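Undergrad: Contents of structure-v9.cif (mmCIF, C-alpha atoms) are given next:
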```
data_work
loop_
_atom_site.label_atom_id
_atom_site.label_comp_id
_atom_site.auth_asym_id
_atom_site.auth_seq_id
_atom_site.Cartn_x
_atom_site.Cartn_y
_atom_site.Cartn_z
CA MET A 1 -38.48 -57.26 21.49
CA PHE A 2 -36.95 -54.08 20.09
CA GLN A 3 -39.34 -51.99 22.19
CA THR A 4 -38.57 -54.11 25.26
CA ARG A 5 -34.86 -53.36 24.84
CA LEU A 6 -35.51 -49.65 24.53
CA ARG A 7 -37.67 -49.68 27.64
CA ALA A 8 -35.00 -51.54 29.57
CA LEU A 9 -32.34 -49.06 28.56
CA ALA A 10 -34.60 -46.12 29.30
CA ALA A 11 -35.24 -47.58 32.74
CA ALA A 12 -31.50 -47.85 33.29
CA GLY A 13 -31.25 -44.13 32.72
CA ALA A 14 -34.45 -43.11 34.48
CA PHE A 15 -32.66 -42.68 37.78
CA PHE A 16 -30.53 -39.94 36.32
CA ALA A 17 -33.58 -38.02 35.16
CA CYS A 18 -35.85 -38.56 38.15
CA GLY A 19 -33.71 -39.76 41.03
CA SER A 20 -34.91 -41.57 44.12
CA ALA A 21 -34.29 -39.96 47.47
CA GLY A 22 -32.40 -42.22 49.83
CA ALA A 23 -31.69 -44.87 47.18
CA THR A 24 -28.28 -46.50 47.43
CA THR A 25 -28.38 -48.66 44.30
CA ILE A 26 -30.03 -48.72 40.92
CA ASP A 27 -31.06 -51.82 39.02
CA VAL A 28 -29.66 -52.34 35.53
CA ALA A 29 -30.96 -55.54 33.90
CA GLY A 30 -31.15 -57.17 37.31
CA VAL A 31 -27.68 -56.03 38.38
CA PRO A 32 -27.60 -53.65 41.38
CA LEU A 33 -25.13 -50.79 40.94
CA GLU A 34 -24.21 -48.56 43.85
CA GLU A 35 -24.84 -44.86 43.44
CA ARG A 36 -21.57 -44.05 45.18
CA VAL A 37 -18.29 -45.89 45.62
CA THR A 38 -14.87 -44.99 46.98
CA VAL A 39 -11.68 -45.43 44.97
CA ALA A 40 -8.27 -44.55 46.45
CA GLY A 41 -10.01 -42.67 49.24
CA SER A 42 -12.03 -40.48 46.86
CA PRO A 43 -15.84 -40.64 46.68
CA LEU A 44 -17.16 -41.31 43.18
CA VAL A 45 -20.69 -40.98 41.81
CA LEU A 46 -22.37 -43.17 39.23
CA ASN A 47 -22.17 -41.11 36.06
CA GLY A 48 -24.24 -43.51 33.97
CA ALA A 49 -24.99 -47.17 33.41
CA GLY A 50 -26.49 -49.38 30.74
CA VAL A 51 -26.47 -52.65 28.88
CA ARG A 52 -24.21 -53.84 26.09
CA TYR A 53 -26.23 -55.64 23.44
CA LYS A 54 -25.05 -57.85 20.61
CA ALA A 55 -27.94 -58.18 18.18
CA VAL A 56 -30.91 -58.84 20.49
CA PHE A 57 -28.84 -60.45 23.27
CA GLN A 58 -27.75 -58.78 26.49
CA VAL A 59 -24.01 -59.28 27.01
CA TYR A 60 -23.07 -57.24 30.09
CA THR A 61 -23.95 -54.21 32.16
CA ALA A 62 -21.50 -51.34 32.47
CA GLY A 63 -21.35 -48.56 35.04
CA LEU A 64 -19.07 -45.51 34.98
CA TYR A 65 -18.02 -43.72 38.17
CA LEU A 66 -16.40 -40.29 38.34
CA THR A 67 -15.62 -37.66 40.97
CA ALA A 68 -18.03 -35.30 39.17
CA LYS A 69 -20.61 -36.07 36.51
CA ALA A 70 -19.78 -35.53 32.83
CA ASP A 71 -22.00 -35.86 29.77
CA THR A 72 -19.31 -35.85 27.06
CA THR A 73 -16.40 -38.11 26.25
CA GLU A 74 -14.04 -35.16 26.64
CA GLY A 75 -15.49 -34.41 30.06
CA VAL A 76 -14.92 -37.99 31.20
CA LEU A 77 -11.36 -38.17 29.89
CA GLY A 78 -10.56 -34.70 31.23
CA ASN A 79 -11.62 -35.61 34.77
CA ASN A 80 -8.35 -35.72 36.72
CA GLY A 81 -9.56 -37.72 39.71
CA PRO A 82 -9.99 -41.46 40.22
CA LYS A 83 -12.45 -43.24 37.92
CA ARG A 84 -14.02 -46.66 37.69
CA ILE A 85 -15.67 -48.73 34.99
CA THR A 86 -17.48 -51.82 36.27
CA ILE A 87 -18.69 -54.66 34.05
CA THR A 88 -21.05 -57.48 35.08
CA MET A 89 -21.73 -60.31 32.69
CA LEU A 90 -25.34 -61.03 31.72
CA ARG A 91 -24.45 -64.25 29.90
CA ASP A 92 -21.58 -66.73 29.83
CA ILE A 93 -18.84 -65.65 27.44
CA ASP A 94 -15.42 -66.85 26.33
CA ALA A 95 -13.04 -64.65 28.34
CA ALA A 96 -10.27 -64.73 25.74
CA GLU A 97 -12.70 -63.55 23.07
CA LEU A 98 -13.85 -60.72 25.33
CA GLY A 99 -10.24 -59.65 25.81
CA LYS A 100 -9.75 -59.62 22.04
CA LEU A 101 -12.89 -57.53 21.55
CA PHE A 102 -11.66 -55.00 24.08
CA SER A 103 -8.27 -54.83 22.35
CA ARG A 104 -9.98 -54.29 19.00
CA GLY A 105 -12.21 -51.63 20.51
CA MET A 106 -9.18 -49.76 21.80
CA GLU A 107 -7.45 -49.99 18.42
CA ASP A 108 -10.55 -48.84 16.52
CA ASN A 109 -10.86 -45.66 18.57
CA MET A 110 -7.33 -44.25 18.43
CA ASP A 111 -4.64 -43.62 15.85
CA ARG A 112 -2.17 -46.37 15.05
CA ALA A 113 0.88 -44.61 16.49
CA ALA A 114 -0.82 -44.02 19.84
CA PHE A 115 -2.15 -47.59 19.96
CA SER A 116 1.29 -49.06 19.19
CA LYS A 117 2.65 -47.51 22.40
CA LEU A 118 0.04 -49.38 24.42
CA ILE A 119 0.56 -52.81 22.85
CA PRO A 120 2.46 -54.29 25.85
CA GLY A 121 -0.41 -53.36 28.17
CA VAL A 122 -3.02 -54.54 25.68
CA LEU A 123 -1.29 -57.91 25.38
CA ARG A 124 -1.08 -58.27 29.17
CA MET A 125 -4.75 -57.48 29.53
CA SER A 126 -5.63 -60.06 26.88
CA GLN A 127 -3.51 -62.67 28.67
CA ILE A 128 -5.28 -61.98 31.97
CA PHE A 129 -8.68 -62.56 30.41
CA ALA A 130 -7.48 -65.62 28.50
CA ALA A 131 -6.33 -67.21 31.76
CA TYR A 132 -9.92 -67.16 33.03
CA LYS A 133 -11.12 -69.25 30.07
CA LYS A 134 -14.74 -68.22 30.64
CA LEU A 135 -16.61 -65.45 32.40
CA ASN A 136 -19.95 -66.62 33.73
CA LYS A 137 -23.23 -64.79 34.05
CA GLY A 138 -22.97 -62.66 37.20
CA ASP A 139 -19.18 -62.34 37.12
CA THR A 140 -17.93 -58.79 37.63
CA PHE A 141 -14.70 -57.04 36.82
CA THR A 142 -13.65 -53.45 37.37
CA VAL A 143 -10.93 -51.16 36.09
CA ASP A 144 -10.00 -48.33 38.45
CA TRP A 145 -7.93 -45.34 37.38
CA VAL A 146 -5.87 -44.20 40.38
CA PRO A 147 -3.80 -41.06 39.75
CA GLY A 148 -0.14 -41.70 40.43
CA THR A 149 -0.66 -45.46 40.41
CA GLY A 150 -2.33 -46.46 37.14
CA SER A 151 -5.20 -48.65 36.02
CA VAL A 152 -6.02 -51.45 38.45
CA LEU A 153 -7.85 -54.45 36.96
CA THR A 154 -9.92 -56.53 39.38
CA VAL A 155 -11.65 -59.72 38.18
CA ARG A 156 -14.08 -61.58 40.43
CA GLY A 157 -12.76 -59.54 43.36
CA GLN A 158 -9.11 -60.42 42.67
CA VAL A 159 -6.61 -57.70 41.71
CA GLU A 160 -4.74 -58.87 38.62
CA GLY A 161 -1.03 -58.10 38.77
CA GLU A 162 0.60 -54.69 38.69
CA PRO A 163 -1.32 -51.58 37.61
CA PHE A 164 -1.19 -50.47 33.98
CA LYS A 165 0.76 -47.30 34.64
CA GLU A 166 0.19 -45.26 31.46
CA PRO A 167 -2.65 -42.72 31.75
CA ALA A 168 -3.29 -43.28 28.05
CA PHE A 169 -4.17 -46.92 28.75
CA PHE A 170 -7.23 -46.08 30.83
CA ASP A 171 -8.29 -43.42 28.34
CA ALA A 172 -8.01 -46.00 25.57
CA LEU A 173 -10.20 -48.38 27.57
CA MET A 174 -12.79 -45.66 28.03
CA ARG A 175 -12.89 -45.09 24.29
CA ILE A 176 -14.11 -48.67 23.81
CA TRP A 177 -17.45 -47.41 25.08
CA LEU A 178 -17.14 -43.63 24.66
CA GLY A 179 -15.02 -43.20 21.52
CA PRO A 180 -16.09 -42.30 17.96
CA LYS A 181 -16.67 -46.01 17.21
CA PRO A 182 -18.15 -47.26 20.48
CA ALA A 183 -19.00 -50.89 21.16
CA ASP A 184 -22.66 -49.86 21.47
CA TRP A 185 -24.04 -46.39 20.73
CA GLN A 186 -26.94 -46.81 23.14
CA LEU A 187 -24.55 -47.85 25.90
CA LYS A 188 -22.36 -44.83 25.17
CA ASP A 189 -25.35 -42.56 25.76
CA ALA A 190 -26.24 -44.47 28.93
CA LEU A 191 -22.74 -44.14 30.40
CA LEU A 192 -22.89 -40.41 29.71
CA GLY A 193 -26.25 -40.20 31.49
CA LYS A 194 -28.25 -39.84 28.26
CA ALA A 195 -29.98 -43.22 28.00
CA ARG A 196 -33.43 -41.63 27.67
CA ASN A 197 -32.34 -39.53 24.71
CA GLY A 198 -30.92 -42.07 22.28
CA ASN A 199 -32.76 -44.63 20.19
CA ARG A 200 -31.25 -47.25 17.96
CA PRO A 201 -32.07 -47.01 14.27
#
```
Mind converting the file's structure to structure tokens?

TA:
Amino acid sequence: MFQTRLRALAAAGAFFACGSAGATTIDVAGVPLEERVTVAGSPLVLNGAGVRYKAVFQVYTAGLYLTAKADTTEGVLGNNGPKRITITMLRDIDAAELGKLFSRGMEDNMDRAAFSKLIPGVLRMSQIFAAYKKLNKGDTFTVDWVPGTGSVLTVRGQVEGEPFKEPAFFDALMRIWLGPKPADWQLKDALLGKARNGNRP
């Protein structure tokens, strides 16, 4: 099963190494992800995509979109244009628990003083997820960073409240997957377009 997981993740990144002329989507664990999307009128490209695992279980797919490709965390965070992270569930999960895990992931990847400034936004995000009770297999949510507006959270196609206005909030979200203590090291590599290069110990 370990080898199967590695092959699946390598396949998720194969597009970035080989490409497919004329393709409009790539398949990641059965989830089609568009190569290009538009956010706030700006065209974005799929920087990388992969699967979040917990033990041997697939939890969700994640895809990262940027105005220009980047293969480092600093390159992603330093990109000044719109950005998008899209998550599609691969199994049913308690939505409140997912919100807590995201909050913990933000806290684990930044210093305490910086995190304390984001607590109101973190609490609001947790409340949004808690209100959904459960996210089902196939459910998708996105977070778009729109310069001058903030982070826009969309769950099941529904925009959730006002944008999170602090630029640091979106960066903190990105560090859940791209920070020094990412949720999944293999997924970090995949989002940075390096899925073929990293193996789990």

Undergrad: For this structure, which residues satisfy the selection - the PyMOL selection byres ((chain A and resi 45-61) around 6) - when it is evaluated on the file as given? I want them as a list in words.

TA: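 Applying the expression gives Ala12, Glu35, Arg36, Leu44, Ala62, Gly63, Leu64, Tyr65, Leu66, Lys69, Ile87, Thr88, Met89, Leu90, Arg91, Leu187, Ala190, Leu191, Leu192 and Gly193 of chain A.
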
Undergrad: Work out how far atom CA of A:Asp144 is from atom CA of A:Gly41, in Å to one decimal.

TA: 12.2 Å

Undergrad: Please evaluate the PyMOL selection byres ((chain A and resi 175-179) around 8) against the structure above and give the resulting residues as a list of chain:residue names.

TA: A:Thr73, A:Phe102, A:Gly105, A:Met106, A:Asn109, A:Asp171, A:Ala172, A:Leu173, A:Met174, A:Pro180, A:Lys181, A:Pro182, A:Ala183, A:Asp184, A:Trp185, A:Leu187, A:Lys188

Undergrad: With distances taken over all atoms listed in the file, which of A:Leu118, A:Ala70, A:Ala130, A:Leu135 is nearest to A:Glu166?

TA: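 With all atoms listed in the file as the atom set, the closest residue is A:Leu118.
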
Undergrad: Spell out the residues picked by the PyMOL selection byres ((chain A and resi 133) around 9) here, as a list in words.

TA: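 Answer for the PyMOL selection byres ((chain A and resi 133) around 9): Ile93, Asp94, Ala95, Ala96, Phe129, Ala130, Ala131, Tyr132, Lys134 and Leu135 of chain A.
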
Undergrad: One decimal, in Å: what's the spacing between atom CA of A:Asn136 and atom CA of A:Glu107?

TA: 25.8 Å

Undergrad: Which neighbours of A:Asn80 fall inside 12 Å, counting only C-alpha atoms, when residues of the same chain fewer than 3 positions from it are skipped, and could you give them as a VMD selection string?

TA: chain A and resid 42 66 to 68 74 to 77 83 145 to 148 167 170 to 171

Undergrad: For a test of reading the model, state the distance in Å between atom CA of A:Asp189 and atom CA of A:Ala29, rounded to one decimal.

TA: 16.3 Å

Undergrad: Quick one: residues within 12 Å of (0.0, -50.5, 20.8) (file frame), counting all atoms listed in the file, please, as a PDB file with C-alpha atoms, in the frame of the given file.

TA:
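Generated file (selection08.pdb):
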```
ATOM      1  CA  SER A 103      -8.270 -54.830  22.350  1.00  0.00           C
ATOM      2  CA  ARG A 104      -9.980 -54.290  19.000  1.00  0.00           C
ATOM      3  CA  MET A 106      -9.180 -49.760  21.800  1.00  0.00           C
ATOM      4  CA  GLU A 107      -7.450 -49.990  18.420  1.00  0.00           C
ATOM      5  CA  ASP A 108     -10.550 -48.840  16.520  1.00  0.00           C
ATOM      6  CA  MET A 110      -7.330 -44.250  18.430  1.00  0.00           C
ATOM      7  CA  ASP A 111      -4.640 -43.620  15.850  1.00  0.00           C
ATOM      8  CA  ARG A 112      -2.170 -46.370  15.050  1.00  0.00           C
ATOM      9  CA  ALA A 113       0.880 -44.610  16.490  1.00  0.00           C
ATOM     10  CA  ALA A 114      -0.820 -44.020  19.840  1.00  0.00           C
ATOM     11  CA  PHE A 115      -2.150 -47.590  19.960  1.00  0.00           C
ATOM     12  CA  SER A 116       1.290 -49.060  19.190  1.00  0.00           C
ATOM     13  CA  LYS A 117       2.650 -47.510  22.400  1.00  0.00           C
ATOM     14  CA  LEU A 118       0.040 -49.380  24.420  1.00  0.00           C
ATOM     15  CA  ILE A 119       0.560 -52.810  22.850  1.00  0.00           C
ATOM     16  CA  PRO A 120       2.460 -54.290  25.850  1.00  0.00           C
ATOM     17  CA  GLY A 121      -0.410 -53.360  28.170  1.00  0.00           C
ATOM     18  CA  VAL A 122      -3.020 -54.540  25.680  1.00  0.00           C
ATOM     19  CA  LEU A 123      -1.290 -57.910  25.380  1.00  0.00           C
ATOM     20  CA  ARG A 124      -1.080 -58.270  29.170  1.00  0.00           C
ATOM     21  CA  GLU A 166       0.190 -45.260  31.460  1.00  0.00           C
ATOM     22  CA  ALA A 168      -3.290 -43.280  28.050  1.00  0.00           C
ATOM     23  CA  PHE A 169      -4.170 -46.920  28.750  1.00  0.00           C
ATOM     24  CA  ALA A 172      -8.010 -46.000  25.570  1.00  0.00           C
TER      25      ALA A 172
END
```

Undergrad: Write stretch 143-169 of chain A as a PDB file, keeping the file's coordinate frame, completed to N, CA, C and O atoms.

TA:
```pdb
ATOM      1  N   VAL A 143     -12.214 -51.811  36.361  1.00  0.00           N
ATOM      2  CA  VAL A 143     -10.930 -51.160  36.090  1.00  0.00           C
ATOM      3  C   VAL A 143     -10.995 -49.800  36.778  1.00  0.00           C
ATOM      4  O   VAL A 143     -11.867 -48.982  36.484  1.00  0.00           O
ATOM      5  N   ASP A 144     -10.088 -49.588  37.721  1.00  0.00           N
ATOM      6  CA  ASP A 144     -10.000 -48.330  38.450  1.00  0.00           C
ATOM      7  C   ASP A 144      -8.810 -47.528  37.946  1.00  0.00           C
ATOM      8  O   ASP A 144      -7.697 -48.072  37.846  1.00  0.00           O
ATOM      9  N   TRP A 145      -9.053 -46.241  37.649  1.00  0.00           N
ATOM     10  CA  TRP A 145      -7.930 -45.340  37.380  1.00  0.00           C
ATOM     11  C   TRP A 145      -7.593 -44.628  38.675  1.00  0.00           C
ATOM     12  O   TRP A 145      -8.428 -43.935  39.266  1.00  0.00           O
ATOM     13  N   VAL A 146      -6.351 -44.825  39.149  1.00  0.00           N
ATOM     14  CA  VAL A 146      -5.870 -44.200  40.380  1.00  0.00           C
ATOM     15  C   VAL A 146      -4.706 -43.294  40.016  1.00  0.00           C
ATOM     16  O   VAL A 146      -3.635 -43.779  39.615  1.00  0.00           O
ATOM     17  N   PRO A 147      -4.897 -41.977  40.103  1.00  0.00           N
ATOM     18  CA  PRO A 147      -3.800 -41.060  39.750  1.00  0.00           C
ATOM     19  C   PRO A 147      -2.532 -41.378  40.525  1.00  0.00           C
ATOM     20  O   PRO A 147      -2.567 -41.624  41.733  1.00  0.00           O
ATOM     21  N   GLY A 148      -1.415 -41.398  39.811  1.00  0.00           N
ATOM     22  CA  GLY A 148      -0.140 -41.700  40.430  1.00  0.00           C
ATOM     23  C   GLY A 148       0.164 -43.175  40.562  1.00  0.00           C
ATOM     24  O   GLY A 148       1.290 -43.553  40.890  1.00  0.00           O
ATOM     25  N   THR A 149      -0.831 -44.010  40.306  1.00  0.00           N
ATOM     26  CA  THR A 149      -0.660 -45.460  40.410  1.00  0.00           C
ATOM     27  C   THR A 149      -0.885 -46.143  39.073  1.00  0.00           C
ATOM     28  O   THR A 149      -0.071 -46.935  38.616  1.00  0.00           O
ATOM     29  N   GLY A 150      -2.014 -45.858  38.423  1.00  0.00           N
ATOM     30  CA  GLY A 150      -2.330 -46.460  37.140  1.00  0.00           C
ATOM     31  C   GLY A 150      -3.694 -47.104  37.148  1.00  0.00           C
ATOM     32  O   GLY A 150      -4.514 -46.853  38.033  1.00  0.00           O
ATOM     33  N   SER A 151      -3.931 -47.951  36.162  1.00  0.00           N
ATOM     34  CA  SER A 151      -5.200 -48.650  36.020  1.00  0.00           C
ATOM     35  C   SER A 151      -5.112 -49.994  36.719  1.00  0.00           C
ATOM     36  O   SER A 151      -4.238 -50.812  36.420  1.00  0.00           O
ATOM     37  N   VAL A 152      -6.008 -50.216  37.662  1.00  0.00           N
ATOM     38  CA  VAL A 152      -6.020 -51.450  38.450  1.00  0.00           C
ATOM     39  C   VAL A 152      -7.175 -52.321  37.974  1.00  0.00           C
ATOM     40  O   VAL A 152      -8.346 -51.932  38.059  1.00  0.00           O
ATOM     41  N   LEU A 153      -6.848 -53.506  37.471  1.00  0.00           N
ATOM     42  CA  LEU A 153      -7.850 -54.450  36.960  1.00  0.00           C
ATOM     43  C   LEU A 153      -8.171 -55.464  38.055  1.00  0.00           C
ATOM     44  O   LEU A 153      -7.273 -56.112  38.596  1.00  0.00           O
ATOM     45  N   THR A 154      -9.451 -55.581  38.370  1.00  0.00           N
ATOM     46  CA  THR A 154      -9.920 -56.530  39.380  1.00  0.00           C
ATOM     47  C   THR A 154     -10.960 -57.428  38.726  1.00  0.00           C
ATOM     48  O   THR A 154     -11.950 -56.941  38.174  1.00  0.00           O
ATOM     49  N   VAL A 155     -10.733 -58.749  38.769  1.00  0.00           N
ATOM     50  CA  VAL A 155     -11.650 -59.720  38.180  1.00  0.00           C
ATOM     51  C   VAL A 155     -12.146 -60.652  39.269  1.00  0.00           C
ATOM     52  O   VAL A 155     -11.357 -61.232  40.009  1.00  0.00           O
ATOM     53  N   ARG A 156     -13.462 -60.747  39.394  1.00  0.00           N
ATOM     54  CA  ARG A 156     -14.080 -61.580  40.430  1.00  0.00           C
ATOM     55  C   ARG A 156     -13.510 -61.249  41.815  1.00  0.00           C
ATOM     56  O   ARG A 156     -13.299 -62.133  42.644  1.00  0.00           O
ATOM     57  N   GLY A 157     -13.248 -59.981  42.057  1.00  0.00           N
ATOM     58  CA  GLY A 157     -12.760 -59.540  43.360  1.00  0.00           C
ATOM     59  C   GLY A 157     -11.259 -59.696  43.566  1.00  0.00           C
ATOM     60  O   GLY A 157     -10.740 -59.331  44.626  1.00  0.00           O
ATOM     61  N   GLN A 158     -10.548 -60.184  42.558  1.00  0.00           N
ATOM     62  CA  GLN A 158      -9.110 -60.420  42.670  1.00  0.00           C
ATOM     63  C   GLN A 158      -8.348 -59.413  41.821  1.00  0.00           C
ATOM     64  O   GLN A 158      -8.571 -59.313  40.601  1.00  0.00           O
ATOM     65  N   VAL A 159      -7.442 -58.644  42.459  1.00  0.00           N
ATOM     66  CA  VAL A 159      -6.610 -57.700  41.710  1.00  0.00           C
ATOM     67  C   VAL A 159      -5.628 -58.485  40.860  1.00  0.00           C
ATOM     68  O   VAL A 159      -4.951 -59.407  41.342  1.00  0.00           O
ATOM     69  N   GLU A 160      -5.553 -58.127  39.571  1.00  0.00           N
ATOM     70  CA  GLU A 160      -4.740 -58.870  38.620  1.00  0.00           C
ATOM     71  C   GLU A 160      -3.413 -58.164  38.338  1.00  0.00           C
ATOM     72  O   GLU A 160      -3.327 -57.269  37.504  1.00  0.00           O
ATOM     73  N   GLY A 161      -2.375 -58.577  39.055  1.00  0.00           N
ATOM     74  CA  GLY A 161      -1.030 -58.100  38.770  1.00  0.00           C
ATOM     75  C   GLY A 161      -0.819 -56.622  39.077  1.00  0.00           C
ATOM     76  O   GLY A 161      -1.575 -55.986  39.813  1.00  0.00           O
ATOM     77  N   GLU A 162       0.239 -56.082  38.483  1.00  0.00           N
ATOM     78  CA  GLU A 162       0.600 -54.690  38.690  1.00  0.00           C
ATOM     79  C   GLU A 162      -0.336 -53.768  37.904  1.00  0.00           C
ATOM     80  O   GLU A 162      -0.880 -54.165  36.873  1.00  0.00           O
ATOM     81  N   PRO A 163      -0.498 -52.530  38.359  1.00  0.00           N
ATOM     82  CA  PRO A 163      -1.320 -51.580  37.610  1.00  0.00           C
ATOM     83  C   PRO A 163      -0.732 -51.307  36.217  1.00  0.00           C
ATOM     84  O   PRO A 163       0.483 -51.422  36.007  1.00  0.00           O
ATOM     85  N   PHE A 164      -1.611 -50.955  35.285  1.00  0.00           N
ATOM     86  CA  PHE A 164      -1.190 -50.470  33.980  1.00  0.00           C
ATOM     87  C   PHE A 164      -0.902 -48.970  34.171  1.00  0.00           C
ATOM     88  O   PHE A 164      -1.814 -48.178  34.367  1.00  0.00           O
ATOM     89  N   LYS A 165       0.357 -48.603  34.135  1.00  0.00           N
ATOM     90  CA  LYS A 165       0.760 -47.300  34.640  1.00  0.00           C
ATOM     91  C   LYS A 165       0.456 -46.128  33.702  1.00  0.00           C
ATOM     92  O   LYS A 165       0.311 -44.992  34.146  1.00  0.00           O
ATOM     93  N   GLU A 166       0.357 -46.358  32.399  1.00  0.00           N
ATOM     94  CA  GLU A 166       0.190 -45.260  31.460  1.00  0.00           C
ATOM     95  C   GLU A 166      -1.214 -44.672  31.557  1.00  0.00           C
ATOM     96  O   GLU A 166      -2.200 -45.395  31.418  1.00  0.00           O
ATOM     97  N   PRO A 167      -1.323 -43.352  31.766  1.00  0.00           N
ATOM     98  CA  PRO A 167      -2.650 -42.720  31.750  1.00  0.00           C
ATOM     99  C   PRO A 167      -3.391 -42.983  30.449  1.00  0.00           C
ATOM    100  O   PRO A 167      -4.625 -43.120  30.446  1.00  0.00           O
ATOM    101  N   ALA A 168      -2.656 -43.066  29.343  1.00  0.00           N
ATOM    102  CA  ALA A 168      -3.290 -43.280  28.050  1.00  0.00           C
ATOM    103  C   ALA A 168      -3.981 -44.638  27.972  1.00  0.00           C
ATOM    104  O   ALA A 168      -4.907 -44.816  27.175  1.00  0.00           O
ATOM    105  N   PHE A 169      -3.557 -45.593  28.794  1.00  0.00           N
ATOM    106  CA  PHE A 169      -4.170 -46.920  28.750  1.00  0.00           C
ATOM    107  C   PHE A 169      -5.611 -46.862  29.230  1.00  0.00           C
ATOM    108  O   PHE A 169      -6.512 -47.413  28.585  1.00  0.00           O
TER     109      PHE A 169
END
```
